[in-house]
$ cat start.cif   # mmCIF, C-alpha atoms
data_start
loop_
_atom_site.group_PDB
_atom_site.id
_atom_site.type_symbol
_atom_site.label_atom_id
_atom_site.label_comp_id
_atom_site.auth_asym_id
_atom_site.auth_seq_id
_atom_site.Cartn_x
_atom_site.Cartn_y
_atom_site.Cartn_z
ATOM 1 C CA MET W 1 102.915 160.815 30.071
ATOM 2 C CA ASN W 2 104.807 159.764 26.968
ATOM 3 C CA THR W 3 108.011 158.181 28.188
ATOM 4 C CA SER W 4 109.398 157.383 24.757
ATOM 5 C CA MET W 5 110.208 160.846 23.477
ATOM 6 C CA ASN W 6 113.908 160.673 24.142
ATOM 7 C CA ASN W 7 116.096 157.609 23.893
ATOM 8 C CA ASN W 8 119.448 159.401 24.020
ATOM 9 C CA ASP W 9 122.007 157.615 26.145
ATOM 10 C CA GLY W 10 123.036 159.783 29.067
ATOM 11 C CA PHE W 11 119.848 161.872 29.052
ATOM 12 C CA ARG W 12 118.814 162.665 32.625
ATOM 13 C CA SER W 13 115.346 163.441 33.902
ATOM 14 C CA GLY W 14 113.498 163.626 37.166
ATOM 15 C CA PHE W 15 110.996 165.332 39.429
ATOM 16 C CA VAL W 16 112.101 167.983 41.931
ATOM 17 C CA ALA W 17 109.896 169.445 44.680
ATOM 18 C CA ILE W 18 110.382 173.045 45.779
ATOM 19 C CA VAL W 19 109.343 173.397 49.429
ATOM 20 C CA GLY W 20 109.643 176.181 51.958
ATOM 21 C CA ARG W 21 107.741 178.606 54.122
ATOM 22 C CA PRO W 22 105.276 180.966 52.433
ATOM 23 C CA ASN W 23 106.755 183.928 50.591
ATOM 24 C CA VAL W 24 110.385 182.718 50.313
ATOM 25 C CA GLY W 25 110.419 182.985 46.508
ATOM 26 C CA LYS W 26 109.450 179.516 45.265
ATOM 27 C CA SER W 27 107.311 180.747 42.372
ATOM 28 C CA THR W 28 109.842 183.437 41.481
ATOM 29 C CA LEU W 29 112.556 180.795 41.204
ATOM 30 C CA MET W 30 110.497 178.480 39.032
ATOM 31 C CA ASN W 31 109.360 181.260 36.724
ATOM 32 C CA HIS W 32 113.010 182.321 36.300
ATOM 33 C CA VAL W 33 114.122 178.772 35.492
ATOM 34 C CA ILE W 34 111.260 178.114 33.059
ATOM 35 C CA GLY W 35 111.648 181.516 31.420
ATOM 36 C CA GLN W 36 108.017 182.583 31.601
ATOM 37 C CA LYS W 37 105.276 183.090 34.146
ATOM 38 C CA ILE W 38 103.461 179.859 35.016
ATOM 39 C CA ALA W 39 103.244 180.396 38.781
ATOM 40 C CA ILE W 40 101.816 183.613 40.145
ATOM 41 C CA MET W 41 103.993 185.878 42.229
ATOM 42 C CA SER W 42 102.899 188.164 45.046
ATOM 43 C CA ASP W 43 104.266 189.751 48.190
ATOM 44 C CA LYS W 44 101.440 188.057 50.120
ATOM 45 C CA PRO W 45 101.999 184.676 51.818
ATOM 46 C CA GLN W 46 100.386 181.457 50.537
ATOM 47 C CA THR W 47 100.042 182.697 46.985
ATOM 48 C CA THR W 48 100.456 179.191 45.534
ATOM 49 C CA ARG W 49 97.520 176.879 46.274
ATOM 50 C CA ASN W 50 98.169 173.932 43.960
ATOM 51 C CA LYS W 51 101.314 172.026 43.103
ATOM 52 C CA ILE W 52 102.411 173.687 39.866
ATOM 53 C CA HIS W 53 104.366 171.465 37.510
ATOM 54 C CA GLY W 54 107.010 173.458 35.609
ATOM 55 C CA VAL W 55 109.161 171.763 32.994
ATOM 56 C CA TYR W 56 112.793 172.729 32.258
ATOM 57 C CA THR W 57 114.359 171.002 29.245
ATOM 58 C CA THR W 58 117.779 171.075 27.571
ATOM 59 C CA ASP W 59 119.428 168.691 25.086
ATOM 60 C CA GLU W 60 120.791 166.588 27.963
ATOM 61 C CA LEU W 61 118.275 167.117 30.748
ATOM 62 C CA GLN W 62 114.633 167.501 31.751
ATOM 63 C CA ILE W 63 113.597 168.605 35.247
ATOM 64 C CA VAL W 64 109.918 168.628 36.212
ATOM 65 C CA PHE W 65 109.472 171.037 39.127
ATOM 66 C CA LEU W 66 106.667 170.810 41.652
ATOM 67 C CA ASP W 67 106.217 174.282 43.133
ATOM 68 C CA THR W 68 104.298 173.494 46.304
ATOM 69 C CA PRO W 69 102.151 175.714 48.534
ATOM 70 C CA GLY W 70 104.102 177.215 51.423
ATOM 71 C CA ILE W 71 104.014 174.973 54.500
ATOM 72 C CA HIS W 72 102.352 176.944 57.305
ATOM 73 C CA LYS W 73 99.983 176.669 60.276
ATOM 74 C CA PRO W 74 96.580 176.165 58.615
ATOM 75 C CA GLN W 75 93.584 178.333 59.536
ATOM 76 C CA SER W 76 90.982 176.630 57.299
ATOM 77 C CA LYS W 77 90.274 173.476 55.292
ATOM 78 C CA LEU W 78 91.948 175.200 52.361
ATOM 79 C CA GLY W 79 95.025 175.687 54.547
ATOM 80 C CA ASN W 80 94.983 172.001 55.492
ATOM 81 C CA TYR W 81 94.731 171.070 51.818
ATOM 82 C CA MET W 82 97.698 173.297 50.975
ATOM 83 C CA ASN W 83 99.886 171.707 53.665
ATOM 84 C CA GLN W 84 98.930 168.174 52.618
ATOM 85 C CA SER W 85 99.639 169.081 49.000
ATOM 86 C CA ALA W 86 103.127 170.311 49.870
ATOM 87 C CA GLU W 87 103.979 167.367 52.110
ATOM 88 C CA SER W 88 102.726 164.772 49.598
ATOM 89 C CA ALA W 89 105.076 166.238 46.984
ATOM 90 C CA LEU W 90 108.024 165.121 49.103
ATOM 91 C CA LYS W 91 107.087 161.479 48.492
ATOM 92 C CA GLU W 92 106.879 161.764 44.705
ATOM 93 C CA VAL W 93 110.231 163.175 43.670
ATOM 94 C CA ASP W 94 113.880 162.429 42.877
ATOM 95 C CA ALA W 95 115.180 165.446 44.801
ATOM 96 C CA VAL W 96 113.893 168.212 47.065
ATOM 97 C CA MET W 97 114.865 171.877 47.077
ATOM 98 C CA PHE W 98 114.261 173.431 50.486
ATOM 99 C CA LEU W 99 114.078 177.145 49.784
ATOM 100 C CA ILE W 100 114.718 179.638 52.573
ATOM 101 C CA ASP W 101 114.793 183.424 52.783
ATOM 102 C CA ALA W 102 118.388 184.184 53.743
ATOM 103 C CA SER W 103 117.433 187.728 54.771
ATOM 104 C CA GLU W 104 115.061 186.431 57.472
ATOM 105 C CA GLY W 105 117.349 183.844 59.040
ATOM 106 C CA LEU W 106 116.461 180.556 60.707
ATOM 107 C CA GLY W 107 112.984 180.514 62.255
ATOM 108 C CA GLY W 108 110.396 178.134 63.666
ATOM 109 C CA GLY W 109 108.808 177.565 60.258
ATOM 110 C CA ASP W 110 112.102 176.333 58.808
ATOM 111 C CA ARG W 111 112.662 174.047 61.790
ATOM 112 C CA TYR W 112 109.199 172.543 61.285
ATOM 113 C CA ILE W 113 109.904 171.832 57.603
ATOM 114 C CA MET W 114 113.265 170.247 58.397
ATOM 115 C CA GLU W 115 111.441 167.894 60.769
ATOM 116 C CA GLN W 116 109.200 166.851 57.862
ATOM 117 C CA LEU W 117 112.269 166.366 55.677
ATOM 118 C CA LYS W 118 113.716 163.784 58.074
ATOM 119 C CA SER W 119 111.336 161.204 56.592
ATOM 120 C CA VAL W 120 112.522 161.975 53.032
ATOM 121 C CA HIS W 121 114.878 159.454 51.445
ATOM 122 C CA THR W 122 115.865 161.520 48.399
ATOM 123 C CA PRO W 123 118.624 164.188 48.263
ATOM 124 C CA VAL W 124 117.616 167.503 49.830
ATOM 125 C CA PHE W 125 119.204 170.758 48.642
ATOM 126 C CA LEU W 126 119.275 173.814 50.879
ATOM 127 C CA VAL W 127 118.635 176.714 48.491
ATOM 128 C CA MET W 128 119.336 180.016 50.230
ATOM 129 C CA ASN W 129 117.325 182.629 48.348
ATOM 130 C CA LYS W 130 117.473 186.452 48.497
ATOM 131 C CA ILE W 131 121.239 186.594 49.085
ATOM 132 C CA ASP W 132 121.106 190.011 47.388
ATOM 133 C CA LYS W 133 119.473 191.273 50.611
ATOM 134 C CA ILE W 134 122.267 190.278 53.031
ATOM 135 C CA GLN W 135 125.943 191.074 53.508
ATOM 136 C CA PRO W 136 128.404 188.386 52.242
ATOM 137 C CA GLU W 137 129.880 187.875 55.727
ATOM 138 C CA GLU W 138 126.406 186.908 57.063
ATOM 139 C CA LEU W 139 126.139 183.896 54.769
ATOM 140 C CA LEU W 140 128.612 181.461 56.332
ATOM 141 C CA PRO W 141 127.201 181.615 59.904
ATOM 142 C CA LEU W 142 123.717 181.070 58.447
ATOM 143 C CA ILE W 143 124.894 178.028 56.470
ATOM 144 C CA THR W 144 126.393 176.579 59.648
ATOM 145 C CA GLN W 145 123.090 176.990 61.524
ATOM 146 C CA TYR W 146 121.177 174.991 58.913
ATOM 147 C CA LYS W 147 123.896 172.352 58.450
ATOM 148 C CA ASP W 148 123.797 171.616 62.164
ATOM 149 C CA LEU W 149 120.104 170.714 61.897
ATOM 150 C CA TYR W 150 119.971 168.645 58.683
ATOM 151 C CA PRO W 151 122.407 166.710 56.452
ATOM 152 C CA PHE W 152 121.799 168.539 53.174
ATOM 153 C CA ALA W 153 123.149 166.977 49.972
ATOM 154 C CA GLU W 154 124.128 170.426 48.666
ATOM 155 C CA ILE W 155 123.842 174.041 49.823
ATOM 156 C CA VAL W 156 123.402 176.645 47.085
ATOM 157 C CA PRO W 157 122.974 180.405 47.751
ATOM 158 C CA ILE W 158 120.962 182.182 45.016
ATOM 159 C CA SER W 159 118.915 185.215 44.147
ATOM 160 C CA ALA W 160 115.839 183.985 42.251
ATOM 161 C CA LEU W 161 114.794 187.549 41.445
ATOM 162 C CA GLN W 162 118.133 188.529 39.911
ATOM 163 C CA GLY W 163 119.059 185.061 38.639
ATOM 164 C CA ASN W 164 122.326 184.923 40.602
ATOM 165 C CA ASN W 165 123.749 181.380 40.816
ATOM 166 C CA VAL W 166 120.570 179.759 39.427
ATOM 167 C CA ASN W 167 122.520 178.049 36.614
ATOM 168 C CA THR W 168 124.865 176.558 39.223
ATOM 169 C CA LEU W 169 121.826 175.229 41.088
ATOM 170 C CA LEU W 170 120.522 173.538 37.913
ATOM 171 C CA GLU W 171 123.928 171.994 37.202
ATOM 172 C CA GLN W 172 124.123 170.612 40.751
ATOM 173 C CA LEU W 173 120.589 169.224 40.500
ATOM 174 C CA SER W 174 121.337 167.448 37.224
ATOM 175 C CA ARG W 175 124.057 165.393 38.920
ATOM 176 C CA TYR W 176 121.517 163.889 41.310
ATOM 177 C CA LEU W 177 118.917 162.930 38.691
ATOM 178 C CA PRO W 178 118.871 159.450 37.144
ATOM 179 C CA GLU W 179 119.196 158.643 33.479
ATOM 180 C CA GLY W 180 115.671 158.578 32.160
ATOM 181 C CA PRO W 181 113.169 159.538 29.491
ATOM 182 C CA GLN W 182 112.018 162.950 28.340
ATOM 183 C CA TYR W 183 108.564 163.089 29.895
ATOM 184 C CA TYR W 184 107.334 166.198 28.095
ATOM 185 C CA PRO W 185 107.989 167.788 24.670
ATOM 186 C CA ALA W 186 110.911 170.230 24.712
ATOM 187 C CA ASP W 187 108.653 173.266 24.166
ATOM 188 C CA GLN W 188 106.190 172.407 26.963
ATOM 189 C CA VAL W 189 106.690 174.406 30.177
ATOM 190 C CA THR W 190 103.821 173.144 32.361
ATOM 191 C CA ASP W 191 101.366 170.269 32.505
ATOM 192 C CA HIS W 192 98.531 172.457 33.743
ATOM 193 C CA PRO W 193 95.804 173.303 31.220
ATOM 194 C CA GLU W 194 95.752 176.847 29.867
ATOM 195 C CA GLN W 195 92.524 177.553 31.766
ATOM 196 C CA PHE W 196 94.282 176.939 35.089
ATOM 197 C CA VAL W 197 97.154 179.297 34.281
ATOM 198 C CA CYS W 198 94.742 181.967 32.994
ATOM 199 C CA ALA W 199 92.733 181.769 36.230
ATOM 200 C CA GLU W 200 95.943 182.115 38.243
ATOM 201 C CA LEU W 201 96.955 185.212 36.270
ATOM 202 C CA VAL W 202 93.611 186.846 37.092
ATOM 203 C CA ARG W 203 94.090 185.945 40.772
ATOM 204 C CA GLU W 204 97.594 187.402 40.741
ATOM 205 C CA LYS W 205 96.288 190.801 39.628
ATOM 206 C CA ILE W 206 93.741 190.803 42.452
ATOM 207 C CA LEU W 207 96.490 189.988 44.956
ATOM 208 C CA HIS W 208 98.514 192.961 43.712
ATOM 209 C CA LEU W 209 95.590 195.382 43.839
ATOM 210 C CA THR W 210 93.884 194.464 47.131
ATOM 211 C CA ARG W 211 94.852 194.423 50.785
ATOM 212 C CA GLU W 212 93.902 192.922 54.151
ATOM 213 C CA GLU W 213 91.596 189.890 54.114
ATOM 214 C CA ILE W 214 90.811 189.889 50.400
ATOM 215 C CA PRO W 215 93.788 187.886 49.048
ATOM 216 C CA HIS W 216 92.949 184.718 50.977
ATOM 217 C CA SER W 217 89.202 185.003 50.335
ATOM 218 C CA ILE W 218 89.263 184.817 46.540
ATOM 219 C CA ALA W 219 89.264 182.012 44.026
ATOM 220 C CA VAL W 220 89.061 182.285 40.240
ATOM 221 C CA THR W 221 87.549 179.772 37.826
ATOM 222 C CA ILE W 222 87.376 179.905 34.037
ATOM 223 C CA GLU W 223 83.776 179.221 33.018
ATOM 224 C CA ASP W 224 84.226 179.643 29.260
ATOM 225 C CA MET W 225 87.247 179.722 26.952
ATOM 226 C CA ARG W 226 86.991 179.550 23.164
ATOM 227 C CA VAL W 227 88.421 180.976 19.953
ATOM 228 C CA GLN W 228 85.912 183.260 18.226
ATOM 229 C CA ASP W 229 85.426 183.535 14.454
ATOM 230 C CA ASN W 230 87.638 186.646 14.375
ATOM 231 C CA GLY W 231 90.532 184.727 15.972
ATOM 232 C CA VAL W 232 90.198 186.460 19.347
ATOM 233 C CA VAL W 233 90.203 184.116 22.364
ATOM 234 C CA TYR W 234 87.127 184.726 24.531
ATOM 235 C CA ILE W 235 87.591 183.986 28.253
ATOM 236 C CA GLY W 236 84.828 184.234 30.822
ATOM 237 C CA ALA W 237 86.133 184.094 34.403
ATOM 238 C CA VAL W 238 84.341 184.140 37.744
ATOM 239 C CA ILE W 239 85.994 185.626 40.829
ATOM 240 C CA PHE W 240 84.576 184.077 44.006
ATOM 241 C CA VAL W 241 84.648 185.921 47.336
ATOM 242 C CA GLU W 242 83.237 184.996 50.754
ATOM 243 C CA ARG W 243 81.256 188.123 51.649
ATOM 244 C CA ASP W 244 79.196 190.845 49.954
ATOM 245 C CA SER W 245 81.561 193.520 51.297
ATOM 246 C CA GLN W 246 84.459 191.787 49.525
ATOM 247 C CA LYS W 247 82.521 191.773 46.271
ATOM 248 C CA GLY W 248 82.248 195.553 46.505
ATOM 249 C CA ILE W 249 85.985 195.882 47.122
ATOM 250 C CA ILE W 250 86.889 193.692 44.121
ATOM 251 C CA ILE W 251 84.589 195.637 41.803
ATOM 252 C CA GLY W 252 85.723 199.002 43.171
ATOM 253 C CA LYS W 253 84.222 202.443 42.697
ATOM 254 C CA ARG W 254 82.456 202.582 39.318
ATOM 255 C CA GLY W 255 84.030 199.209 38.530
ATOM 256 C CA GLU W 256 87.531 200.691 38.366
ATOM 257 C CA LEU W 257 89.382 197.978 40.314
ATOM 258 C CA LEU W 258 87.791 195.157 38.315
ATOM 259 C CA LYS W 259 88.732 196.952 35.090
ATOM 260 C CA GLU W 260 92.328 197.217 36.324
ATOM 261 C CA VAL W 261 92.377 193.490 37.157
ATOM 262 C CA GLY W 262 91.041 192.661 33.697
ATOM 263 C CA LYS W 263 93.487 194.938 31.903
ATOM 264 C CA GLY W 264 96.554 193.495 33.655
ATOM 265 C CA ALA W 265 95.403 189.868 33.386
ATOM 266 C CA ARG W 266 94.520 190.208 29.710
ATOM 267 C CA LYS W 267 98.016 191.487 28.929
ATOM 268 C CA ASP W 268 99.667 188.469 30.644
ATOM 269 C CA ILE W 269 97.208 185.988 29.098
ATOM 270 C CA GLU W 270 97.840 187.392 25.617
ATOM 271 C CA ALA W 271 101.577 186.896 26.180
ATOM 272 C CA LEU W 272 100.898 183.320 27.356
ATOM 273 C CA LEU W 273 98.604 182.372 24.458
ATOM 274 C CA GLY W 274 100.249 184.433 21.729
ATOM 275 C CA SER W 275 96.902 185.795 20.543
ATOM 276 C CA ARG W 276 94.427 188.583 21.235
ATOM 277 C CA VAL W 277 92.113 187.991 24.187
ATOM 278 C CA PHE W 278 88.684 189.273 25.200
ATOM 279 C CA LEU W 279 88.455 188.752 28.970
ATOM 280 C CA GLU W 280 85.124 189.058 30.764
ATOM 281 C CA LEU W 281 85.048 188.988 34.576
ATOM 282 C CA TRP W 282 82.219 188.407 37.041
ATOM 283 C CA VAL W 283 82.350 188.567 40.840
ATOM 284 C CA LYS W 284 80.184 186.157 42.855
ATOM 285 C CA VAL W 285 79.779 185.529 46.583
ATOM 286 C CA LYS W 286 80.201 181.942 47.852
ATOM 287 C CA LYS W 287 80.054 182.255 51.616
ATOM 288 C CA ASP W 288 82.876 180.620 53.615
ATOM 289 C CA TRP W 289 84.044 178.655 50.541
ATOM 290 C CA ARG W 290 87.472 177.961 52.067
ATOM 291 C CA ASN W 291 85.896 175.637 54.653
ATOM 292 C CA GLN W 292 83.496 173.765 52.346
ATOM 293 C CA GLU W 293 85.034 170.579 50.985
ATOM 294 C CA ARG W 294 82.581 170.265 48.109
ATOM 295 C CA VAL W 295 83.272 173.827 46.977
ATOM 296 C CA LEU W 296 87.036 173.253 47.267
ATOM 297 C CA ARG W 297 86.712 170.143 45.071
ATOM 298 C CA ASP W 298 84.636 172.043 42.510
ATOM 299 C CA MET W 299 87.336 174.706 42.362
ATOM 300 C CA GLY W 300 90.042 172.125 41.716
ATOM 301 C CA PHE W 301 91.531 171.827 45.212
ATOM 302 C CA ARG W 302 91.819 168.041 45.327
ATOM 303 C CA GLN W 303 93.850 166.040 47.819
ATOM 304 C CA ASP W 304 95.559 164.105 45.021
ATOM 305 C CA SER W 305 96.228 166.997 42.628
#
$ encode --input "start.cif" --output "structure tokens"
Amino acid sequence: MNTSMNNNDGFRSGFVAIVGRPNVGKSTLMNHVIGQKIAIMSDKPQTTRNKIHGVYTTDELQIVFLDTPGIHKPQSKLGNYMNQSAESALKEVDAVMFLIDASEGLGGGDRYIMEQLKSVHTPVFLVMNKIDKIQPEELLPLITQYKDLYPFAEIVPISALQGNNVNTLLEQLSRYLPEGPQYYPADQVTDHPEQFVCAELVREKILHLTREEIPHSIAVTIEDMRVQDNGVVYIGAVIFVERDSQKGIIIGKRGELLKEVGKGARKDIEALLGSRVFLELWVKVKKDWRNQERVLRDMGFRQDS
């Protein structure tokens, strides 16, 4: 990281982890703050598998967000990796945003996370998402329930989807960050390579178009990415599944589902790269890949990532 980009007196910067149960809106919030899609969004739990670094920059402030996998009861080595990834983020940051789904209320998953937060020595914000789904009079009793269990530095109700109160959240966060350098250029929104984001956009389309066991059984890797002589970016991506039957589902009748995945992903990737894209997709079977440590490493699921 270049720590000499900004020497302005009074400039604040820091790292903020976003933690919470699966499917509470962590990626939606970060995408709203950053202003473009860098974390995939889905109505299926455990969409985020890696810590995604999103960068928010103004003239006075830079916040580097770590959007962590949802903390949950793991069912595989991949699940263990995701939990360890989320919990390690708590040790690396200047502040923590604990995101909850206000429409679901306090549950066992939230209690478990608050237990983990007791070992955190940085300010913890309770961010109550999806307030657009509850009645205003329900909010105060819910706040009291959470306050009784943990001494939050701040409590901020928001709607990440609609953007309600998100600016207030950013203002509150800025007060807790130290004076420091600008870690990333002002126009940079993530520290992940383009290949990673492109792979995630392909995976997002599969999540939207499939059901049942498929979402948790897929991984996407970019095997080839280059600019062709005509200026079009060629991307070759492999979609890994665990069983032959899943391969058939992903491809679909006469290849229709795979075509739909490619069409939607190409549109998002073109918006990301600002250029025309030729996207080629293959589907391969790698049996029980979620429980094979070597395969997980090859796919980028590292303990220290």
$ axis_aligned_box --input "start.cif" --around "segment 157-164 of chain W" --padding-each-side "4 Å" --output "JSON"
{"center_x": 118.9, "center_y": 184.5, "center_z": 43.2, "size_x": 16.2, "size_y": 16.1, "size_z": 17.1}
$ resolve_selection --input "start.cif" --expression "the PyMOL selection byres ((chain W and resi 144-161) around 6)" --output "JSON list (two decimals) with C-alpha atoms, in the frame of the given file"
[["chain", "number", "residue", "atom", "x", "y", "z"],
["W", 29, "LEU", "CA", 112.56, 180.80, 41.20],
["W", 123, "PRO", "CA", 118.62, 164.19, 48.26],
["W", 124, "VAL", "CA", 117.62, 167.50, 49.83],
["W", 125, "PHE", "CA", 119.20, 170.76, 48.64],
["W", 126, "LEU", "CA", 119.28, 173.81, 50.88],
["W", 127, "VAL", "CA", 118.64, 176.71, 48.49],
["W", 128, "MET", "CA", 119.34, 180.02, 50.23],
["W", 129, "ASN", "CA", 117.32, 182.63, 48.35],
["W", 130, "LYS", "CA", 117.47, 186.45, 48.50],
["W", 131, "ILE", "CA", 121.24, 186.59, 49.08],
["W", 141, "PRO", "CA", 127.20, 181.62, 59.90],
["W", 142, "LEU", "CA", 123.72, 181.07, 58.45],
["W", 143, "ILE", "CA", 124.89, 178.03, 56.47],
["W", 162, "GLN", "CA", 118.13, 188.53, 39.91],
["W", 163, "GLY", "CA", 119.06, 185.06, 38.64],
["W", 164, "ASN", "CA", 122.33, 184.92, 40.60],
["W", 165, "ASN", "CA", 123.75, 181.38, 40.82]]
$ resolve_selection --input "start.cif" --expression "the PyMOL selection byres ((chain W and resi 107-119) around 7)" --output "ChimeraX atom specification"
/W:21,105-106,120-121,150
$ resolve_selection --input "start.cif" --expression "the PyMOL selection byres ((chain W and resi 226-242) around 7)" --output "JSON, numbers by chain"
{"W": [217, 218, 219, 220, 221, 222, 223, 224, 225, 243, 246, 247, 275, 276, 277, 278, 279, 280, 281, 282, 283, 284, 285, 286, 287, 288, 289]}
$ write_last_selection --input "start.cif" --atoms "C-alpha atoms" --output "mmCIF file, in the coordinates of the input"
data_model
loop_
_atom_site.group_PDB
_atom_site.id
_atom_site.type_symbol
_atom_site.label_atom_id
_atom_site.label_comp_id
_atom_site.auth_asym_id
_atom_site.auth_seq_id
_atom_site.Cartn_x
_atom_site.Cartn_y
_atom_site.Cartn_z
ATOM 1 C CA SER W 217 89.202 185.003 50.335
ATOM 2 C CA ILE W 218 89.263 184.817 46.540
ATOM 3 C CA ALA W 219 89.264 182.012 44.026
ATOM 4 C CA VAL W 220 89.061 182.285 40.240
ATOM 5 C CA THR W 221 87.549 179.772 37.826
ATOM 6 C CA ILE W 222 87.376 179.905 34.037
ATOM 7 C CA GLU W 223 83.776 179.221 33.018
ATOM 8 C CA ASP W 224 84.226 179.643 29.260
ATOM 9 C CA MET W 225 87.247 179.722 26.952
ATOM 10 C CA ARG W 243 81.256 188.123 51.649
ATOM 11 C CA GLN W 246 84.459 191.787 49.525
ATOM 12 C CA LYS W 247 82.521 191.773 46.271
ATOM 13 C CA SER W 275 96.902 185.795 20.543
ATOM 14 C CA ARG W 276 94.427 188.583 21.235
ATOM 15 C CA VAL W 277 92.113 187.991 24.187
ATOM 16 C CA PHE W 278 88.684 189.273 25.200
ATOM 17 C CA LEU W 279 88.455 188.752 28.970
ATOM 18 C CA GLU W 280 85.124 189.058 30.764
ATOM 19 C CA LEU W 281 85.048 188.988 34.576
ATOM 20 C CA TRP W 282 82.219 188.407 37.041
ATOM 21 C CA VAL W 283 82.350 188.567 40.840
ATOM 22 C CA LYS W 284 80.184 186.157 42.855
ATOM 23 C CA VAL W 285 79.779 185.529 46.583
ATOM 24 C CA LYS W 286 80.201 181.942 47.852
ATOM 25 C CA LYS W 287 80.054 182.255 51.616
ATOM 26 C CA ASP W 288 82.876 180.620 53.615
ATOM 27 C CA TRP W 289 84.044 178.655 50.541
#
$ closest_residue --input "start.cif" --among "W:Gly274, W:Lys133, W:Val166, W:Tyr184" --to "His53 of chain W" --atoms "all atoms listed in the file"
W:Tyr184
$ atom_distance --input "start.cif" --atom1 "atom CA of Glu104 of chain W" --atom2 "atom CA of Leu173 of chain W"
24.8 Å
$ atom_distance --input "start.cif" --atom1 "atom CA of Gly14 of chain W" --atom2 "atom CA of Glu60 of chain W"
12.1 Å
$ atom_distance --input "start.cif" --atom1 "atom CA of Ser13 of chain W" --atom2 "atom CA of Thr190 of chain W"
15.1 Å
$ closest_residue --input "start.cif" --among "W:Val64, W:Val55, W:Leu139, W:Ile18" --to "Leu90 of chain W" --atoms "all atoms listed in the file"
W:Ile18
$ residues_around --input "start.cif" --residues "Val202 of chain W" --least-positions-apart "3" --cutoff "8 Å" --atoms "only C-alpha atoms" --output "JSON, numbers by chain"
{"W": [198, 199, 205, 206, 220, 261, 262, 265]}
$ residues_around --input "start.cif" --residues "Gln62 of chain W" --least-positions-apart "6" --cutoff "12 Å" --atoms "all atoms listed in the file" --output "short mmCIF file (atom, residue, chain, number, x, y, z; two decimals) with C-alpha atoms, in the frame of the given file"
data_model
loop_
_atom_site.label_atom_id
_atom_site.label_comp_id
_atom_site.auth_asym_id
_atom_site.auth_seq_id
_atom_site.Cartn_x
_atom_site.Cartn_y
_atom_site.Cartn_z
CA THR W 3 108.01 158.18 28.19
CA MET W 5 110.21 160.85 23.48
CA ASN W 6 113.91 160.67 24.14
CA GLY W 10 123.04 159.78 29.07
CA PHE W 11 119.85 161.87 29.05
CA ARG W 12 118.81 162.66 32.62
CA SER W 13 115.35 163.44 33.90
CA GLY W 14 113.50 163.63 37.17
CA PHE W 15 111.00 165.33 39.43
CA VAL W 16 112.10 167.98 41.93
CA VAL W 33 114.12 178.77 35.49
CA ILE W 34 111.26 178.11 33.06
CA GLY W 54 107.01 173.46 35.61
CA VAL W 55 109.16 171.76 32.99
CA TYR W 56 112.79 172.73 32.26
CA LEU W 170 120.52 173.54 37.91
CA GLU W 171 123.93 171.99 37.20
CA LEU W 173 120.59 169.22 40.50
CA SER W 174 121.34 167.45 37.22
CA LEU W 177 118.92 162.93 38.69
CA PRO W 178 118.87 159.45 37.14
CA GLU W 179 119.20 158.64 33.48
CA GLY W 180 115.67 158.58 32.16
CA PRO W 181 113.17 159.54 29.49
CA GLN W 182 112.02 162.95 28.34
CA TYR W 183 108.56 163.09 29.90
CA TYR W 184 107.33 166.20 28.10
CA PRO W 185 107.99 167.79 24.67
CA ALA W 186 110.91 170.23 24.71
CA ASP W 187 108.65 173.27 24.17
CA GLN W 188 106.19 172.41 26.96
CA VAL W 189 106.69 174.41 30.18
#
$ closest_residue --input "start.cif" --among "W:Leu201, W:Val19, W:Ser245, W:Thr168" --to "Lys263 of chain W" --atoms "all atoms listed in the file"
W:Leu201
